[in-house]
Amino acid sequence: MNAPRTERAKVIVRGAVQGVGFRPFVYRRATELHLRGWVLNSAQGVVIDVEGAGDTLREFLLQLEKEKPPRAVIQSFECSFLEASGYERFEIRESHDDGGKSVLILPDIAACPDCVAEIFDPGNRRHRYPFTNCTNCGPRFSIIESLPYDRANTSMRKFAMCPECDREYHDPLDRRFHAQPNACPHCGPQLELWDANGAVLSHRDEALLKAAQSIREGRILALKGVGGFQLIVDAGSEPAVMRLRARKRREEKPFALMAPSLALLREDCEVSGPEERLLLSPESPIVLLRRNVKGKRLRISLLVAPGNPYLGVMLPYSPLHHLLLAELGFPVVATSGNLSDEPICIDQDEALERLRGIADFFLVHDRPVVRHMDDSIARVVCGCEQVLRRARGYAPLPVHLKTPLPTILAVGAHVKTSVALSAGADIFISQHIGDLETGAAHAAFRQTAADLPRLYDAAPKAVACDMHPDYLTTRFAAGHPAPSHPVQHHFAHVLACMAENELEPPVLGVAWDGAGFGTDGTVWGGEFLLANGGGFDRVGHLRQFRLPGGDAAVKEPRRSALGVLFEIFGDELWDRDEWLGAFSKQEALLFKQMLEKKINAPLTSSAGRLFDAVAALIGLRQRASFEGQAAMELEFAIDPDVAGAYPFAIRDGVPRVIDWQPMILEMMHDVLRCADIRFISTRFHNTLAEMIVAMARETGEHRIVLTGGCFQNRYLTERAVERLIESGFRPHWHQRIPPNDGGIALGQIIAAASAIRGKIP
Ligand SMILES: [Zn+2]
Ligand SMILES: [Zn+2]
């Protein structure tokens, strides 16, 4: 029998954790559990580096928050699982100054238990006050206009504190000592309820009660929250959810939910230990939870997440949400206040304009939101947390490096954009901006790209961007006064995953996503890149095929299927009517010309498009209403009891090519014999994991990073990790930084920094 595998976790805890007995507490727990490593105070917060058997380690991490010393308050808890380091004992290390001098701006923090208790206590002067906060909780990044973090530099500036609040603010023994957003019903922000034309209907608590009533009546409420507007409807009302979909022009993409309590949530969803931690954490993200099929079926309409075995759920995080959800007592849809593909609205007059025709009522307040902040999305993968959308609760916390970098601004790619800025040894990553498809999104991008350097008072010496010549972000970089550094898309993915896992080259990067501009001008997306010091070698990729219509294929998986079949059968394809059923005669003719004449049919090695092709071939989905929908449905069709994989081949060469033809041929045979879709989908996923293992063997590199949007697929990630470990490799994956393009900016900075270093001796 093998001994349990040693795992290592690095945790940065921020908040009131220094000088309250937190380090001795960590030391006692770690030694009781026979864990090894160290704990220390740093400018970053309390840093814990600990290793031991996986299960014990996870138990320890859960205990840290649940059983912390009474005076310790955690405002942020960031954990990453890293490569084991071979510590022999656990120790409290001397506090040190590691040069991480950059100013730390905290993210917005969910209401603490003390503040929540106060707003529900009829005897408290903050009873039912929706803007209650204290030193331990409340808005931060969303209200800061400039540094230092003083009230005068926040959007709370316009509210003069009343004598009682002022006393709290100046009393070192008070929980509100120097709490910059401190406020109460006498002196702080107030609620108003508006009708769809902006006419004021009611004020203060009456506004909240009437807003709740409108939700009960099936209306759509636009609520001005912490980082912008949310659209809220009764999640149990089919007509209300349907109306929201129609008005928001969002056909099938799942909506996020907010549930009144964890207890109520458990009736509908399965909640594991780490998932519970995430739900109740100061970050308070939307957590993807598996629907509990045996549950009582709380009143959640199937239209909230059609055909989806997961629900994205959060718990109330601001006092306003606590009051509203307590009043309602049932779960609501709580989705970003925008039209599909646009950034979230933050200003109430702008909201009135942009959400016209969507919201029936507006619940607003007079505390300005300085920068937009969507709700973050996270899930548990391989027993660890993974952030899929990094915004409220996480941004702008940095990734801390061992050595300082030159000041570089990175502008990301095109979808799920975020920007990043290096300052000293920290790389600050902005909140999620979104897809740069609309004028409003472009404006939000430009604003954020200007905001970070201004806030941290750092003038970029270089601007890192994608290699794609047509991205708005690339053009922005070219127009910036500082020199621009284009970075290959998938290499940026690999570097981001390496940075958050603290890995040095050489590392084999498996970067699988929808599309990225390759160094040879073709569309990449199924890449094996060997990171080697300064740059990378493309050591392998999935076999290419032509994509009829190029980008149009994103919304039509059937086009990917046609491209794959044409690659296999060539001209013979047009005689095989049984595989052309998804196309009309005219369509088939049009695509035939595109493919044969190679017009508007770019070559791609994209893994994302291979997912699409398979989904279409097996009849699961021919058209998608959002990118990745077909891949999601393939993941939902997984049956963990199905074993085995399809055959494939690796063709030698530079780079090596993974040939999926044997897999597709056998899959077609399975389709003709009417094999279960679950059988085919599971074997497809298993084959992809075997391809990764086979390429790892070919290159012989021990350490593997899994990155790119395809690794948002939980089964694919977990299966690849499991198979790589069984085969003697060390896999790493994303935890704090999204595997999708939200992580690109981080990798771009690392690449640009090493390019600059290479040029300046
Ligand atoms: Zn508080
Ligand atoms: Zn006051």
# chains A, B, ... in the order shown; residues from 1 in each chain; ligands from 1
call {"tool": "residues_near_ligand", "arguments": {"ligand": "ligand 1", "cutoff": "9 Å", "atoms": "only C-alpha atoms and all ligand atoms", "output": "JSON, numbers by chain"}}
result
{"A": [109, 110, 111, 112, 113, 114, 115, 116, 132, 133, 134, 135, 136, 137, 138, 175, 176]}
call {"tool": "select_by_dssp", "arguments": {"residues": "stretch 343-558 of chain A", "states": "strand (DSSP E or B)", "output": "compact mmCIF listing (two decimals) with N, CA, C and O atoms, in the first residue's frame"}}
result
# COMPACT_ATOMS: atom_id res chain seq x y z
N PHE A 361 -39.17 47.86 -11.06
CA PHE A 361 -38.91 48.77 -9.94
C PHE A 361 -37.40 48.84 -9.69
O PHE A 361 -36.67 47.91 -10.04
N PHE A 362 -36.98 49.94 -9.09
CA PHE A 362 -35.56 50.12 -8.75
C PHE A 362 -35.45 50.38 -7.25
O PHE A 362 -36.03 51.34 -6.76
N LEU A 363 -34.69 49.54 -6.55
CA LEU A 363 -34.39 49.79 -5.14
C LEU A 363 -32.98 50.37 -5.10
O LEU A 363 -32.00 49.66 -5.34
N VAL A 364 -32.89 51.68 -4.84
CA VAL A 364 -31.60 52.36 -4.97
C VAL A 364 -31.21 53.01 -3.63
O VAL A 364 -31.99 53.04 -2.68
N HIS A 365 -29.99 53.51 -3.59
CA HIS A 365 -29.53 54.25 -2.40
C HIS A 365 -28.53 55.30 -2.84
O HIS A 365 -28.10 55.32 -4.00
N ILE A 377 -17.77 33.87 -8.99
CA ILE A 377 -18.28 32.50 -9.11
C ILE A 377 -17.15 31.53 -8.75
O ILE A 377 -16.02 31.70 -9.22
N ALA A 378 -17.46 30.54 -7.91
CA ALA A 378 -16.44 29.56 -7.53
C ALA A 378 -17.07 28.18 -7.46
O ALA A 378 -18.29 28.04 -7.39
N ARG A 379 -16.23 27.15 -7.52
CA ARG A 379 -16.73 25.80 -7.31
C ARG A 379 -15.62 24.99 -6.67
O ARG A 379 -14.48 25.44 -6.58
N VAL A 380 -15.94 23.80 -6.21
CA VAL A 380 -14.93 22.94 -5.61
C VAL A 380 -14.53 21.88 -6.64
O VAL A 380 -15.37 21.16 -7.16
N VAL A 381 -13.23 21.86 -6.97
CA VAL A 381 -12.68 20.90 -7.94
C VAL A 381 -11.52 20.18 -7.27
O VAL A 381 -10.68 20.83 -6.64
N CYS A 384 -10.56 21.20 -3.88
CA CYS A 384 -10.04 22.56 -3.63
C CYS A 384 -10.98 23.57 -4.26
O CYS A 384 -11.69 23.27 -5.21
N GLU A 385 -10.92 24.79 -3.73
CA GLU A 385 -11.73 25.85 -4.31
C GLU A 385 -11.14 26.29 -5.64
O GLU A 385 -9.94 26.34 -5.80
N GLN A 386 -12.01 26.61 -6.57
CA GLN A 386 -11.56 27.17 -7.84
C GLN A 386 -12.44 28.35 -8.19
O GLN A 386 -13.65 28.22 -8.25
N VAL A 387 -11.80 29.51 -8.41
CA VAL A 387 -12.54 30.71 -8.76
C VAL A 387 -12.72 30.74 -10.28
O VAL A 387 -11.75 30.64 -11.02
N LEU A 388 -13.96 30.84 -10.75
CA LEU A 388 -14.22 30.87 -12.19
C LEU A 388 -14.46 32.29 -12.68
O LEU A 388 -14.15 32.62 -13.82
N ARG A 389 -15.05 33.13 -11.83
CA ARG A 389 -15.18 34.56 -12.15
C ARG A 389 -14.72 35.30 -10.91
O ARG A 389 -15.27 35.13 -9.83
N PRO A 398 -3.68 40.61 -4.64
CA PRO A 398 -2.60 40.29 -5.59
C PRO A 398 -2.18 38.83 -5.55
O PRO A 398 -2.44 38.12 -4.59
N VAL A 399 -1.51 38.41 -6.61
CA VAL A 399 -0.70 37.20 -6.58
C VAL A 399 0.70 37.67 -6.21
O VAL A 399 1.22 38.60 -6.84
N HIS A 400 1.26 37.12 -5.16
CA HIS A 400 2.53 37.59 -4.64
C HIS A 400 3.66 36.72 -5.18
O HIS A 400 3.60 35.49 -5.05
N LEU A 401 4.67 37.34 -5.79
CA LEU A 401 5.78 36.58 -6.36
C LEU A 401 7.00 36.63 -5.43
O LEU A 401 7.04 37.43 -4.50
N LYS A 402 7.98 35.80 -5.74
CA LYS A 402 9.18 35.79 -4.90
C LYS A 402 10.07 37.00 -5.19
O LYS A 402 10.79 37.46 -4.32
N THR A 403 10.06 37.48 -6.43
CA THR A 403 10.93 38.60 -6.78
C THR A 403 10.11 39.73 -7.41
O THR A 403 9.12 39.47 -8.08
N PRO A 404 10.55 40.97 -7.20
CA PRO A 404 9.84 42.11 -7.78
C PRO A 404 9.94 42.14 -9.30
O PRO A 404 10.90 41.64 -9.88
N LEU A 405 8.93 42.71 -9.94
CA LEU A 405 8.90 42.84 -11.40
C LEU A 405 8.90 44.32 -11.76
O LEU A 405 8.52 45.15 -10.96
N ILE A 408 4.26 46.71 -15.04
CA ILE A 408 3.68 46.35 -16.34
C ILE A 408 2.16 46.31 -16.20
O ILE A 408 1.64 45.81 -15.20
N LEU A 409 1.49 46.84 -17.21
CA LEU A 409 0.04 46.73 -17.27
C LEU A 409 -0.28 45.64 -18.28
O LEU A 409 0.30 45.62 -19.37
N ALA A 410 -1.16 44.70 -17.92
CA ALA A 410 -1.58 43.68 -18.88
C ALA A 410 -3.06 43.84 -19.14
O ALA A 410 -3.83 44.08 -18.21
N THR A 417 -12.71 39.34 -19.88
CA THR A 417 -11.49 40.12 -19.67
C THR A 417 -11.31 40.59 -18.24
O THR A 417 -12.27 40.89 -17.55
N ALA A 420 -4.43 43.50 -15.37
CA ALA A 420 -3.56 43.28 -14.22
C ALA A 420 -2.44 44.30 -14.23
O ALA A 420 -2.10 44.84 -15.28
N LEU A 421 -1.89 44.53 -13.04
CA LEU A 421 -0.80 45.50 -12.91
C LEU A 421 0.23 44.94 -11.92
O LEU A 421 -0.14 44.50 -10.84
N SER A 422 1.50 44.96 -12.34
CA SER A 422 2.53 44.53 -11.39
C SER A 422 3.09 45.75 -10.68
O SER A 422 3.30 46.80 -11.29
N ALA A 423 3.28 45.61 -9.37
CA ALA A 423 3.89 46.68 -8.56
C ALA A 423 4.75 45.96 -7.53
O ALA A 423 4.23 45.27 -6.67
N GLY A 424 6.06 46.09 -7.66
CA GLY A 424 6.95 45.33 -6.78
C GLY A 424 6.76 43.85 -7.03
O GLY A 424 6.72 43.40 -8.18
N ALA A 425 6.60 43.08 -5.95
CA ALA A 425 6.46 41.64 -6.10
C ALA A 425 4.99 41.22 -6.18
O ALA A 425 4.68 40.04 -6.12
N ASP A 426 4.11 42.18 -6.28
CA ASP A 426 2.68 41.87 -6.34
C ASP A 426 2.12 42.08 -7.75
O ASP A 426 2.48 43.04 -8.42
N ILE A 427 1.24 41.17 -8.15
CA ILE A 427 0.49 41.40 -9.37
C ILE A 427 -0.98 41.54 -8.97
O ILE A 427 -1.60 40.59 -8.50
N PHE A 428 -1.49 42.76 -9.13
CA PHE A 428 -2.89 43.03 -8.79
C PHE A 428 -3.76 42.73 -9.99
O PHE A 428 -3.47 43.17 -11.11
N ILE A 429 -4.82 41.97 -9.76
CA ILE A 429 -5.69 41.59 -10.87
C ILE A 429 -7.03 42.27 -10.68
O ILE A 429 -7.62 42.20 -9.60
N GLY A 434 -15.60 41.37 -18.41
CA GLY A 434 -16.60 40.72 -19.26
C GLY A 434 -16.14 40.63 -20.69
O GLY A 434 -14.97 40.81 -21.00
N ALA A 462 5.63 49.04 -19.56
CA ALA A 462 5.27 48.25 -20.73
C ALA A 462 3.82 47.83 -20.60
O ALA A 462 3.28 47.79 -19.50
N VAL A 463 3.20 47.55 -21.75
CA VAL A 463 1.82 47.06 -21.73
C VAL A 463 1.80 45.70 -22.43
O VAL A 463 2.17 45.58 -23.60
N ALA A 464 1.41 44.67 -21.68
CA ALA A 464 1.36 43.32 -22.25
C ALA A 464 -0.04 43.07 -22.80
O ALA A 464 -1.04 43.45 -22.19
N CYS A 465 -0.10 42.43 -23.97
CA CYS A 465 -1.40 42.18 -24.61
C CYS A 465 -1.36 40.85 -25.34
O CYS A 465 -0.34 40.16 -25.36
N ASP A 466 -2.48 40.49 -25.95
CA ASP A 466 -2.57 39.26 -26.72
C ASP A 466 -1.91 39.47 -28.09
O ASP A 466 -1.68 40.59 -28.53
N SER A 484 4.46 48.08 -26.23
CA SER A 484 3.59 46.92 -25.98
C SER A 484 4.32 45.61 -26.24
O SER A 484 5.25 45.55 -27.05
N HIS A 485 3.92 44.59 -25.50
CA HIS A 485 4.52 43.25 -25.60
C HIS A 485 3.44 42.23 -25.89
O HIS A 485 2.74 41.80 -24.99
N PRO A 486 3.29 41.81 -27.15
CA PRO A 486 2.28 40.79 -27.43
C PRO A 486 2.73 39.43 -26.87
O PRO A 486 3.91 39.08 -26.97
N VAL A 487 1.80 38.71 -26.26
CA VAL A 487 2.10 37.41 -25.65
C VAL A 487 1.14 36.38 -26.24
O VAL A 487 -0.07 36.64 -26.33
N VAL A 507 8.07 23.25 -17.27
CA VAL A 507 6.75 22.71 -16.94
C VAL A 507 6.04 22.44 -18.27
O VAL A 507 6.17 23.23 -19.21
N LEU A 508 5.32 21.33 -18.35
CA LEU A 508 4.51 21.07 -19.54
C LEU A 508 3.13 21.68 -19.32
O LEU A 508 2.42 21.30 -18.38
N GLY A 509 2.77 22.63 -20.17
CA GLY A 509 1.47 23.28 -20.05
C GLY A 509 0.47 22.66 -21.01
O GLY A 509 0.74 22.55 -22.21
N VAL A 510 -0.67 22.24 -20.48
CA VAL A 510 -1.75 21.76 -21.33
C VAL A 510 -2.77 22.90 -21.36
O VAL A 510 -3.43 23.17 -20.37
N ALA A 511 -2.83 23.63 -22.48
CA ALA A 511 -3.71 24.80 -22.58
C ALA A 511 -4.80 24.53 -23.60
O ALA A 511 -4.55 24.52 -24.80
N TRP A 512 -5.99 24.25 -23.09
CA TRP A 512 -7.11 23.88 -23.95
C TRP A 512 -8.23 24.89 -23.77
O TRP A 512 -8.72 25.10 -22.65
N ASP A 513 -8.66 25.49 -24.88
CA ASP A 513 -9.78 26.43 -24.80
C ASP A 513 -10.46 26.53 -26.15
O ASP A 513 -10.27 25.66 -27.01
N GLY A 514 -11.23 27.60 -26.35
CA GLY A 514 -11.97 27.76 -27.59
C GLY A 514 -11.09 28.22 -28.73
O GLY A 514 -11.05 27.59 -29.79
N ALA A 515 -10.38 29.31 -28.51
CA ALA A 515 -9.55 29.85 -29.59
C ALA A 515 -8.55 30.85 -29.05
O ALA A 515 -8.82 31.58 -28.11
N GLY A 516 -7.38 30.87 -29.68
CA GLY A 516 -6.37 31.87 -29.38
C GLY A 516 -5.46 31.96 -30.59
O GLY A 516 -5.22 30.97 -31.27
N PHE A 517 -4.95 33.17 -30.84
CA PHE A 517 -4.13 33.41 -32.02
C PHE A 517 -2.77 32.73 -31.84
O PHE A 517 -2.07 32.96 -30.86
N VAL A 523 -5.50 29.20 -35.77
CA VAL A 523 -6.21 29.30 -34.50
C VAL A 523 -5.81 28.12 -33.61
O VAL A 523 -6.04 26.97 -33.98
N TRP A 524 -5.21 28.41 -32.48
CA TRP A 524 -4.81 27.36 -31.55
C TRP A 524 -5.89 27.14 -30.49
O TRP A 524 -6.79 27.95 -30.33
N GLY A 525 -5.77 26.04 -29.76
CA GLY A 525 -6.75 25.81 -28.69
C GLY A 525 -6.68 24.41 -28.09
O GLY A 525 -7.40 24.10 -27.16
N GLY A 526 -5.79 23.58 -28.63
CA GLY A 526 -5.60 22.23 -28.03
C GLY A 526 -4.11 22.02 -27.86
O GLY A 526 -3.54 21.11 -28.46
N GLU A 527 -3.48 22.87 -27.04
CA GLU A 527 -2.02 23.01 -27.06
C GLU A 527 -1.29 22.31 -25.92
O GLU A 527 -1.77 22.24 -24.80
N PHE A 528 -0.10 21.82 -26.26
CA PHE A 528 0.84 21.31 -25.26
C PHE A 528 2.10 22.17 -25.41
O PHE A 528 2.82 22.07 -26.41
N LEU A 529 2.32 23.06 -24.45
CA LEU A 529 3.43 24.01 -24.54
C LEU A 529 4.44 23.72 -23.43
O LEU A 529 4.07 23.66 -22.26
N LEU A 530 5.69 23.54 -23.80
CA LEU A 530 6.73 23.32 -22.81
C LEU A 530 7.32 24.67 -22.44
O LEU A 530 7.98 25.32 -23.27
N ALA A 531 7.06 25.11 -21.22
CA ALA A 531 7.61 26.39 -20.76
C ALA A 531 9.06 26.16 -20.35
O ALA A 531 9.34 25.29 -19.53
N ASN A 532 9.97 26.92 -20.96
CA ASN A 532 11.39 26.67 -20.76
C ASN A 532 12.11 27.96 -20.45
O ASN A 532 12.63 28.57 -21.33
N GLY A 535 10.84 31.32 -22.84
CA GLY A 535 9.69 31.19 -23.73
C GLY A 535 9.08 29.80 -23.67
O GLY A 535 9.01 29.20 -22.61
N PHE A 536 8.65 29.31 -24.84
CA PHE A 536 8.03 27.99 -24.85
C PHE A 536 8.27 27.29 -26.17
O PHE A 536 8.53 27.93 -27.19
N ASP A 537 8.18 25.97 -26.15
CA ASP A 537 8.14 25.17 -27.37
C ASP A 537 6.76 24.57 -27.48
O ASP A 537 6.24 24.01 -26.51
N ARG A 538 6.17 24.66 -28.68
CA ARG A 538 4.89 24.01 -28.90
C ARG A 538 5.22 22.54 -29.20
O ARG A 538 5.55 22.21 -30.33
N VAL A 539 5.15 21.69 -28.18
CA VAL A 539 5.58 20.31 -28.36
C VAL A 539 4.48 19.41 -28.89
O VAL A 539 4.74 18.29 -29.33
N GLY A 540 3.24 19.88 -28.85
CA GLY A 540 2.16 19.06 -29.40
C GLY A 540 0.87 19.85 -29.48
O GLY A 540 0.73 20.90 -28.87
N HIS A 541 -0.05 19.33 -30.30
CA HIS A 541 -1.38 19.93 -30.35
C HIS A 541 -2.36 18.91 -30.91
O HIS A 541 -1.97 17.90 -31.51
N LEU A 542 -3.63 19.18 -30.71
CA LEU A 542 -4.66 18.33 -31.29
C LEU A 542 -4.64 18.51 -32.81
O LEU A 542 -4.29 19.59 -33.30
N PHE A 545 -8.48 20.98 -37.82
CA PHE A 545 -9.54 20.83 -38.81
C PHE A 545 -10.03 22.21 -39.20
O PHE A 545 -9.71 23.21 -38.55
N ARG A 546 -10.77 22.29 -40.31
CA ARG A 546 -11.25 23.59 -40.78
C ARG A 546 -12.62 23.89 -40.20
O ARG A 546 -13.48 23.01 -40.10
call {"tool": "closest_residue", "arguments": {"among": "A:Gly357, A:Arg623, A:Leu57, A:Leu320", "to": "A:Asp195", "atoms": "only C-alpha atoms"}}
result
A:Gly357
call {"tool": "closest_residue", "arguments": {"among": "A:Ala183, A:Ala395, A:Ala752, A:Leu603", "to": "ligand 2", "atoms": "only C-alpha atoms and all ligand atoms"}}
result
A:Ala183
call {"tool": "residues_near_ligand", "arguments": {"ligand": "ligand 2", "cutoff": "7 Å", "atoms": "only C-alpha atoms and all ligand atoms", "output": "ChimeraX atom specification"}}
result
/A:161-165,183-188
call {"tool": "select_by_dssp", "arguments": {"residues": "stretch 535-684 of chain A", "states": "alpha helix (DSSP H)", "output": "ChimeraX atom specification"}}
result
/A:557-569,585-597,607-617,629-636,661-672,677-684
call {"tool": "residues_around", "arguments": {"residues": "A:Ser625", "least_positions_apart": "2", "cutoff": "8 Å", "atoms": "only C-alpha atoms", "output": "PDB file with N, CA, C and O atoms, in the first residue's frame"}}
result
ATOM      1  N   GLU A 251     -31.318  33.631 -23.326  1.00  0.00           N
ATOM      2  CA  GLU A 251     -32.230  32.526 -23.600  1.00  0.00           C
ATOM      3  C   GLU A 251     -32.092  31.374 -22.615  1.00  0.00           C
ATOM      4  O   GLU A 251     -33.055  30.938 -22.006  1.00  0.00           O
ATOM      5  N   GLU A 252     -30.868  30.837 -22.500  1.00  0.00           N
ATOM      6  CA  GLU A 252     -30.730  29.608 -21.713  1.00  0.00           C
ATOM      7  C   GLU A 252     -29.624  29.632 -20.674  1.00  0.00           C
ATOM      8  O   GLU A 252     -29.522  28.744 -19.847  1.00  0.00           O
ATOM      9  N   LYS A 253     -28.738  30.627 -20.750  1.00  0.00           N
ATOM     10  CA  LYS A 253     -27.608  30.675 -19.829  1.00  0.00           C
ATOM     11  C   LYS A 253     -28.136  30.691 -18.396  1.00  0.00           C
ATOM     12  O   LYS A 253     -29.069  31.424 -18.090  1.00  0.00           O
ATOM     13  N   LYS A 555     -21.309  29.522 -32.080  1.00  0.00           N
ATOM     14  CA  LYS A 555     -22.725  29.361 -31.726  1.00  0.00           C
ATOM     15  C   LYS A 555     -23.387  28.206 -32.488  1.00  0.00           C
ATOM     16  O   LYS A 555     -24.577  27.993 -32.376  1.00  0.00           O
ATOM     17  N   ARG A 623     -26.972  23.787 -32.236  1.00  0.00           N
ATOM     18  CA  ARG A 623     -26.798  25.239 -32.100  1.00  0.00           C
ATOM     19  C   ARG A 623     -26.708  25.575 -30.621  1.00  0.00           C
ATOM     20  O   ARG A 623     -27.365  24.934 -29.794  1.00  0.00           O
ATOM     21  N   GLU A 627     -21.339  30.482 -25.763  1.00  0.00           N
ATOM     22  CA  GLU A 627     -20.145  29.664 -25.978  1.00  0.00           C
ATOM     23  C   GLU A 627     -19.968  28.689 -24.823  1.00  0.00           C
ATOM     24  O   GLU A 627     -20.147  29.025 -23.667  1.00  0.00           O
ATOM     25  N   GLN A 629     -21.777  26.061 -24.267  1.00  0.00           N
ATOM     26  CA  GLN A 629     -23.014  25.382 -23.865  1.00  0.00           C
ATOM     27  C   GLN A 629     -22.959  23.891 -24.208  1.00  0.00           C
ATOM     28  O   GLN A 629     -23.308  23.044 -23.384  1.00  0.00           O
TER      29      GLN A 629
END
call {"tool": "closest_residue", "arguments": {"among": "A:Val271, A:Pro319, A:Gln431, A:Arg249", "to": "A:Phe626", "atoms": "only C-alpha atoms"}}
result
A:Arg249
call {"tool": "residues_around", "arguments": {"residues": "A:Leu265", "least_positions_apart": "6", "cutoff": "9 Å", "atoms": "only C-alpha atoms", "output": "count of residues only"}}
result
6
